[in-house]
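Enquirer: Next up, start-v7.cif (mmCIF, C-alpha atoms).
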```
data_protein
loop_
_atom_site.label_atom_id
_atom_site.label_comp_id
_atom_site.auth_asym_id
_atom_site.auth_seq_id
_atom_site.Cartn_x
_atom_site.Cartn_y
_atom_site.Cartn_z
CA MET W 1 7.73 -3.85 -27.98
CA GLU W 2 9.78 -6.85 -29.06
CA GLU W 3 8.43 -10.32 -28.38
CA LYS W 4 10.33 -12.05 -25.61
CA ARG W 5 12.31 -15.01 -26.87
CA TYR W 6 13.79 -17.99 -25.07
CA VAL W 7 16.97 -19.17 -26.74
CA GLY W 8 18.50 -22.60 -26.30
CA LEU W 9 22.16 -23.18 -27.16
CA ASP W 10 23.52 -26.69 -27.63
CA VAL W 11 27.25 -25.99 -27.29
CA HIS W 12 29.86 -28.32 -28.73
CA LYS W 13 33.62 -28.13 -29.04
CA TYR W 14 33.65 -26.49 -32.47
CA PHE W 15 30.08 -25.33 -33.06
CA VAL W 16 26.85 -24.17 -31.43
CA VAL W 17 23.30 -25.07 -32.39
CA ALA W 18 20.90 -22.22 -31.54
CA ALA W 19 17.10 -22.23 -31.47
CA ALA W 20 14.42 -20.06 -29.86
CA VAL W 21 10.75 -20.17 -28.90
CA ASN W 22 8.34 -17.55 -27.62
CA ALA W 23 6.24 -17.68 -24.46
CA THR W 24 3.69 -19.97 -26.16
CA HIS W 25 6.45 -22.35 -27.34
CA GLN W 26 6.16 -21.38 -30.98
CA VAL W 27 9.50 -21.67 -32.77
CA VAL W 28 10.68 -18.15 -33.59
CA LEU W 29 14.28 -19.08 -34.44
CA ARG W 30 14.64 -22.36 -36.27
CA PRO W 31 17.63 -24.46 -35.14
CA GLN W 32 20.79 -23.37 -36.88
CA ARG W 33 24.38 -24.45 -36.55
CA VAL W 34 27.06 -21.79 -36.05
CA ASN W 35 30.82 -22.37 -35.94
CA LEU W 36 32.22 -21.44 -32.54
CA THR W 37 34.66 -18.95 -34.08
CA ALA W 38 31.77 -17.18 -35.82
CA PHE W 39 29.43 -17.33 -32.85
CA PRO W 40 30.38 -13.97 -31.18
CA ALA W 41 29.47 -12.07 -34.37
CA TRP W 42 26.33 -14.20 -34.81
CA ALA W 43 25.24 -13.49 -31.23
CA ARG W 44 25.71 -9.73 -31.59
CA LYS W 45 23.69 -9.76 -34.80
CA HIS W 46 20.83 -12.13 -33.89
CA LEU W 47 20.30 -11.90 -30.14
CA ARG W 48 18.15 -9.17 -28.58
CA PRO W 49 18.44 -7.40 -25.21
CA SER W 50 15.09 -8.90 -24.17
CA ASP W 51 16.15 -12.50 -24.90
CA GLU W 52 16.79 -15.13 -22.27
CA VAL W 53 19.39 -17.77 -23.10
CA ALA W 54 20.01 -21.25 -21.70
CA LEU W 55 22.97 -23.58 -22.15
CA GLU W 56 24.36 -26.60 -20.35
CA ALA W 57 27.32 -26.47 -17.98
CA THR W 58 29.84 -27.88 -20.44
CA GLY W 59 33.57 -27.20 -20.63
CA ASN W 60 33.27 -23.78 -22.29
CA ALA W 61 30.09 -22.69 -20.47
CA TRP W 62 31.78 -19.80 -18.63
CA TYR W 63 33.20 -18.41 -21.87
CA MET W 64 29.73 -18.51 -23.41
CA HIS W 65 28.15 -16.98 -20.31
CA ASP W 66 30.58 -14.05 -20.29
CA LEU W 67 30.07 -13.50 -24.01
CA LEU W 68 26.27 -13.52 -23.81
CA GLU W 69 25.64 -11.71 -20.53
CA PRO W 70 26.05 -8.16 -21.96
CA LEU W 71 23.84 -8.98 -24.95
CA VAL W 72 20.69 -10.43 -23.37
CA SER W 73 18.49 -10.00 -20.31
CA ARG W 74 19.37 -13.33 -18.69
CA VAL W 75 21.78 -16.23 -19.18
CA VAL W 76 21.03 -19.54 -17.44
CA VAL W 77 23.72 -22.22 -17.21
CA GLY W 78 21.96 -25.48 -16.46
CA VAL W 79 23.04 -28.69 -14.71
CA THR W 80 23.58 -31.13 -17.56
CA GLN W 81 22.48 -34.33 -15.86
CA GLN W 82 19.33 -32.79 -14.38
CA ILE W 83 18.37 -31.33 -17.75
CA LYS W 84 18.75 -34.77 -19.32
CA LEU W 85 16.46 -36.26 -16.66
CA ILE W 86 13.80 -33.61 -17.17
CA ALA W 87 13.95 -33.74 -20.95
CA ALA W 88 14.57 -37.47 -21.50
CA ALA W 89 13.85 -38.29 -25.12
CA MET W 90 14.15 -41.40 -27.24
CA VAL W 91 15.46 -39.43 -30.22
CA LYS W 92 18.21 -36.89 -29.54
CA THR W 93 19.82 -34.56 -32.03
CA ASP W 94 21.64 -31.27 -31.63
CA ARG W 95 18.65 -29.41 -33.10
CA LYS W 96 16.20 -31.11 -30.73
CA ASP W 97 18.48 -30.41 -27.77
CA ALA W 98 18.61 -26.69 -28.60
CA LEU W 99 14.81 -26.50 -28.88
CA THR W 100 14.38 -28.52 -25.67
CA LEU W 101 16.60 -26.06 -23.78
CA ALA W 102 14.59 -23.14 -25.19
CA ARG W 103 11.26 -24.69 -24.17
CA LEU W 104 12.48 -25.60 -20.68
CA LEU W 105 13.73 -22.05 -20.24
CA ALA W 106 10.35 -20.66 -21.32
CA VAL W 107 8.67 -22.49 -18.42
CA ASN W 108 11.54 -21.77 -16.00
CA MET W 109 12.50 -25.44 -15.65
CA ILE W 110 16.26 -25.14 -16.18
CA PRO W 111 18.06 -26.30 -13.00
CA ALA W 112 20.67 -23.55 -12.93
CA VAL W 113 24.17 -23.68 -11.51
CA TRP W 114 25.87 -20.81 -9.71
CA VAL W 115 28.08 -18.88 -12.11
CA PRO W 116 31.24 -18.05 -10.17
CA PRO W 117 32.85 -14.65 -10.77
CA LEU W 118 36.07 -14.55 -12.74
CA PRO W 119 38.45 -14.43 -9.71
CA VAL W 120 36.81 -17.57 -8.30
CA ARG W 121 37.11 -19.38 -11.63
CA ASP W 122 40.78 -18.44 -11.93
CA LEU W 123 41.47 -19.61 -8.38
CA ARG W 124 39.68 -22.93 -8.96
CA ALA W 125 41.63 -23.48 -12.18
CA LEU W 126 44.91 -22.75 -10.39
CA ILE W 127 44.13 -25.16 -7.55
CA SER W 128 43.09 -27.85 -10.06
CA HIS W 129 46.36 -27.27 -11.91
CA ARG W 130 48.27 -27.74 -8.66
CA GLN W 131 46.41 -30.99 -7.99
CA ARG W 132 47.45 -32.31 -11.40
CA LEU W 133 51.06 -31.40 -10.67
CA VAL W 134 50.91 -33.18 -7.30
CA GLN W 135 49.42 -36.24 -8.99
CA ALA W 136 52.27 -36.22 -11.51
CA GLN W 137 54.74 -35.91 -8.63
CA THR W 138 53.15 -38.90 -6.89
CA ARG W 139 53.34 -41.02 -10.06
CA LEU W 140 57.04 -40.21 -10.45
CA LYS W 141 57.79 -41.10 -6.84
CA ASN W 142 55.86 -44.36 -7.18
CA ARG W 143 57.90 -45.31 -10.24
CA LEU W 144 61.14 -44.61 -8.39
CA HIS W 145 59.96 -46.64 -5.40
CA SER W 146 59.22 -49.47 -7.83
CA VAL W 147 62.83 -49.41 -9.06
CA LEU W 148 64.07 -49.99 -5.51
CA HIS W 149 61.50 -52.75 -5.00
CA ARG W 150 62.43 -54.57 -8.24
CA GLN W 151 66.16 -54.30 -7.53
CA GLN W 152 65.74 -55.10 -3.82
CA VAL W 153 67.64 -51.97 -2.83
CA VAL W 154 67.38 -50.66 0.73
CA PRO W 155 66.93 -46.86 0.61
CA PRO W 156 68.84 -44.48 2.85
CA LYS W 157 67.20 -43.04 5.93
CA GLY W 158 65.47 -39.70 5.85
CA GLU W 159 63.69 -38.00 2.96
CA LEU W 160 64.28 -40.33 0.02
CA PHE W 161 63.74 -37.70 -2.66
CA ALA W 162 65.69 -34.89 -1.00
CA GLN W 163 68.32 -33.19 -3.15
CA ALA W 164 71.02 -34.56 -0.85
CA ASN W 165 70.11 -38.10 -1.95
CA ARG W 166 70.36 -37.36 -5.69
CA PRO W 167 73.96 -38.71 -5.94
CA TRP W 168 72.82 -41.91 -4.19
CA TRP W 169 70.09 -42.46 -6.79
CA LEU W 170 72.46 -41.82 -9.69
CA ALA W 171 75.07 -44.20 -8.27
CA LEU W 172 72.70 -47.20 -8.24
CA ILE W 173 73.88 -50.15 -10.35
CA LEU W 174 71.02 -50.76 -12.79
CA PRO W 175 70.44 -52.05 -16.32
CA SER W 176 71.06 -49.28 -18.85
CA GLY W 177 67.39 -48.84 -19.78
CA GLU W 178 66.27 -48.65 -16.19
CA LYS W 179 69.12 -46.29 -15.38
CA LEU W 180 67.93 -43.96 -18.15
CA ARG W 181 64.33 -44.04 -16.93
CA LEU W 182 65.43 -43.39 -13.35
CA ARG W 183 67.54 -40.41 -14.39
CA GLN W 184 64.69 -38.91 -16.38
CA ASP W 185 62.17 -39.53 -13.59
CA LEU W 186 64.47 -37.77 -11.13
CA SER W 187 64.81 -34.86 -13.55
CA GLN W 188 61.04 -34.61 -14.00
CA LEU W 189 60.56 -34.82 -10.24
CA GLU W 190 62.80 -31.79 -9.79
CA GLN W 191 60.94 -29.88 -12.50
CA VAL W 192 57.52 -30.68 -11.01
CA ALA W 193 58.71 -29.55 -7.57
CA VAL W 194 59.71 -26.19 -9.07
CA LEU W 195 56.31 -25.84 -10.77
CA ILE W 196 54.43 -26.66 -7.56
CA ALA W 197 56.51 -24.09 -5.67
CA GLU W 198 55.63 -21.52 -8.35
CA VAL W 199 51.91 -22.24 -7.95
CA ASP W 200 52.22 -22.02 -4.16
CA SER W 201 53.90 -18.64 -4.52
CA GLU W 202 51.02 -17.43 -6.70
CA LEU W 203 48.47 -18.72 -4.15
CA GLN W 204 50.36 -16.84 -1.45
CA ARG W 205 50.18 -13.67 -3.54
CA LEU W 206 46.46 -14.12 -4.21
CA SER W 207 45.75 -14.68 -0.53
CA LEU W 208 46.98 -11.14 0.17
CA ALA W 209 44.86 -9.59 -2.61
CA GLU W 210 41.16 -8.93 -3.07
CA PRO W 211 38.77 -10.62 -2.79
CA TRP W 212 40.58 -13.13 -0.53
CA ARG W 213 42.67 -11.12 1.90
CA GLN W 214 39.83 -10.27 4.30
CA GLN W 215 38.88 -13.93 4.73
CA MET W 216 42.38 -15.39 5.09
CA PRO W 217 43.20 -14.26 8.66
CA TYR W 218 40.03 -15.90 9.99
CA LEU W 219 40.49 -19.15 8.05
CA LEU W 220 44.17 -19.50 8.94
CA GLN W 221 43.35 -19.25 12.64
CA LEU W 222 41.38 -22.49 12.47
CA PRO W 223 43.22 -25.64 13.64
CA GLY W 224 44.69 -27.67 10.78
CA ILE W 225 43.99 -25.03 8.14
CA GLY W 226 46.97 -24.03 6.01
CA LEU W 227 47.16 -21.64 3.10
CA LEU W 228 46.20 -24.22 0.45
CA THR W 229 43.15 -25.44 2.37
CA ALA W 230 42.13 -21.88 3.16
CA MET W 231 42.32 -20.83 -0.48
CA THR W 232 40.47 -23.98 -1.56
CA THR W 233 37.58 -23.32 0.81
CA ALA W 234 37.55 -19.51 0.52
#
```
Could you write out this structure as structure tokens?

Expert:
Amino acid sequence: MEEKRYVGLDVHKYFVVAAAVNATHQVVLRPQRVNLTAFPAWARKHLRPSDEVALEATGNAWYMHDLLEPLVSRVVVGVTQQIKLIAAAMVKTDRKDALTLARLLAVNMIPAVWVPPLPVRDLRALISHRQRLVQAQTRLKNRLHSVLHRQQVVPPKGELFAQANRPWWLALILPSGEKLRLRQDLSQLEQVAVLIAEVDSELQRLSLAEPWRQQMPYLLQLPGIGLLTAMTTA
């Protein structure tokens, strides 16, 4: 029977440092650096089905989790800040971090995060993307408001950025540089509105598909809950 190993992975943008200990904390895999592009082949060659693996919840943690889960008995994605508190050290290197993760895993002291299933991750990424688009839209509108403030122009009544007011914006008497910026901001504002509408259409489609469609009717019945809020909290 193979000896159970506890593997720590210190994951970076372009490489991974891997190390492992056994149940008595003896080093059974000395820390080694592996390029991220070569890591899938390395993992298939060096990891065993009985291994347990720990890594921190960094930007590519879900990719690593999905890659490792079929290869080992357990993958733990740990809360970065809590791991740092538990394993505070005066001297920190990538090799020491990998061994620290392995040793914490061996004594079951990795504060793990919930690993959301792929549909949840995709939904979260889509909602975050929409938030960035809305933020960009807000910045554009603020810049256009600033033009009116600087030029002491009184805006027309109603929705200032409605398509019907586009000729009014373009007819403003402004310095040539400011006129150019205004025209480009208006153009970007239109483009962002189209992108937001495209995201909203995709959220609408997802709300009618599994695994969300059974929850949506109940959430949408609640006062003040629209589709976006329902999909955010689903």

Enquirer: Specify as a VMD selection string each residue included when the PyMOL selection byres ((chain W and resi 151-161) around 10) is applied to this file.

Expert: chain W and resid 141 144 to 150 162 to 166 168 to 169 172 to 174 186 189 to 190

Enquirer: Restricting it to C-alpha atoms, dump the selection as a compact mmCIF listing (two decimals), keeping the file's coordinate frame.

Expert:
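For reference, again_37.txt as written:
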```
# COMPACT_ATOMS: atom_id res chain seq x y z
CA LYS W 141 57.79 -41.10 -6.84
CA LEU W 144 61.14 -44.61 -8.39
CA HIS W 145 59.96 -46.64 -5.40
CA SER W 146 59.22 -49.47 -7.83
CA VAL W 147 62.83 -49.41 -9.06
CA LEU W 148 64.07 -49.99 -5.51
CA HIS W 149 61.50 -52.75 -5.00
CA ARG W 150 62.43 -54.57 -8.24
CA ALA W 162 65.69 -34.89 -1.00
CA GLN W 163 68.32 -33.19 -3.15
CA ALA W 164 71.02 -34.56 -0.85
CA ASN W 165 70.11 -38.10 -1.95
CA ARG W 166 70.36 -37.36 -5.69
CA TRP W 168 72.82 -41.91 -4.19
CA TRP W 169 70.09 -42.46 -6.79
CA LEU W 172 72.70 -47.20 -8.24
CA ILE W 173 73.88 -50.15 -10.35
CA LEU W 174 71.02 -50.76 -12.79
CA LEU W 186 64.47 -37.77 -11.13
CA LEU W 189 60.56 -34.82 -10.24
CA GLU W 190 62.80 -31.79 -9.79
```

Enquirer: Tell me which residues the PyMOL selection byres ((chain W and resi 203-211) around 9) grabs here, as a list of chain:residue names.

Expert: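 Answer for the PyMOL selection byres ((chain W and resi 203-211) around 9): W:Pro119, W:Leu123, W:Leu126, W:Ile127, W:Glu198, W:Val199, W:Asp200, W:Ser201, W:Glu202, W:Trp212, W:Arg213, W:Gln214, W:Gln215, W:Met216, W:Leu227, W:Leu228, W:Ala230, W:Met231.
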
Enquirer: I need the chosen residues saved as a short mmCIF file (atom, residue, chain, number, x, y, z; two decimals), in the frame of the given file, with C-alpha atoms.

Expert:
```cif
data_model
loop_
_atom_site.label_atom_id
_atom_site.label_comp_id
_atom_site.auth_asym_id
_atom_site.auth_seq_id
_atom_site.Cartn_x
_atom_site.Cartn_y
_atom_site.Cartn_z
CA PRO W 119 38.45 -14.43 -9.71
CA LEU W 123 41.47 -19.61 -8.38
CA LEU W 126 44.91 -22.75 -10.39
CA ILE W 127 44.13 -25.16 -7.55
CA GLU W 198 55.63 -21.52 -8.35
CA VAL W 199 51.91 -22.24 -7.95
CA ASP W 200 52.22 -22.02 -4.16
CA SER W 201 53.90 -18.64 -4.52
CA GLU W 202 51.02 -17.43 -6.70
CA TRP W 212 40.58 -13.13 -0.53
CA ARG W 213 42.67 -11.12 1.90
CA GLN W 214 39.83 -10.27 4.30
CA GLN W 215 38.88 -13.93 4.73
CA MET W 216 42.38 -15.39 5.09
CA LEU W 227 47.16 -21.64 3.10
CA LEU W 228 46.20 -24.22 0.45
CA ALA W 230 42.13 -21.88 3.16
CA MET W 231 42.32 -20.83 -0.48
#
```

Enquirer: Using all atoms listed in the file, can you tell me which of W:Val7, W:Val115, W:Leu222, W:Val75 comes closest to W:Arg103?

Expert: W:Val7

Enquirer: Out of W:Glu52, W:Asp185, W:Glu69, W:Asp10, which residue has the shortest atom-to-atom distance to W:Lys96 when counting all atoms listed in the file?

Expert: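 Closest candidate: W:Asp10.
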
Enquirer: For the structure shown, which residues end up in the PyMOL selection byres ((chain W and resi 105-107) around 12)? Put them as a PyMOL selection string, please?

Expert: chain W and resi 4-9+19-27+51-56+74-78+83+86-87+98-104+108-112

Enquirer: Work out how far apart atom CA of W:Val79 and atom CA of W:Gly59 are and give it in Å to one decimal.

Expert: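 Computing the Euclidean distance for atom CA of W:Val79 and atom CA of W:Gly59 yields 12.2 Å.
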
Enquirer: Rounded to one decimal place, report the atom CA of W:Thr233-atom CA of W:Val192 distance in Å.

Expert: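 Here the two named atoms are 24.3 Å from each other.
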
Enquirer: In Å to one decimal, how far is atom CA of W:Val16 from atom CA of W:Arg33?

Expert: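 One can read the atom CA of W:Arg33 to atom CA of W:Val16 distance as 5.7 Å.
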
Enquirer: Let me know the centre plus edge lengths, in Å and rounded to one decimal, of a box with edges along x, y and z that contains all listed atoms of stretch 114-124 of chain W and is padded by 3 Å on every side, as AutoDock Vina command-line options.

Expert:
```
--center_x 33.7 --center_y -18.7 --center_z -10.5 --size_x 21.6 --size_y 14.5 --size_z 10.4
```

Enquirer: Pick out the residues sitting within 8 Å of W:Leu71, and hand them over as a compact mmCIF listing (two decimals) with C-alpha atoms, in the coordinates of the input; count all atoms listed in the file, and ignore anything fewer than 4 positions along from it in its own chain.

Expert:
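Okay, this is what ended up in selection_8.txt:
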```
# COMPACT_ATOMS: atom_id res chain seq x y z
CA ALA W 43 25.24 -13.49 -31.23
CA ARG W 44 25.71 -9.73 -31.59
CA LEU W 47 20.30 -11.90 -30.14
CA ARG W 48 18.15 -9.17 -28.58
CA PRO W 49 18.44 -7.40 -25.21
CA LEU W 67 30.07 -13.50 -24.01
```

Enquirer: When distances are computed from all atoms listed in the file, which of W:Ala193, W:Leu140, W:Ala171, W:Val11 shows the smallest separation from W:Thr58?

Expert: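 For W:Thr58, the nearest of the given residues is W:Val11.
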
Enquirer: When you count all atoms listed in the file, which of these residues is closest to W:Arg95: W:Ser176, W:Gln32, W:Gln191, W:Thr232?

Expert: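 The shortest atom-to-atom distance to W:Arg95 comes from W:Gln32.
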
Enquirer: Show which residues sit within 10 Å of W:Leu36, as an MDAnalysis selection string. Count only C-alpha atoms, and ignore same-chain residues fewer than 3 positions away.

Expert: chainID W and resid 11:17 33 39:42 64
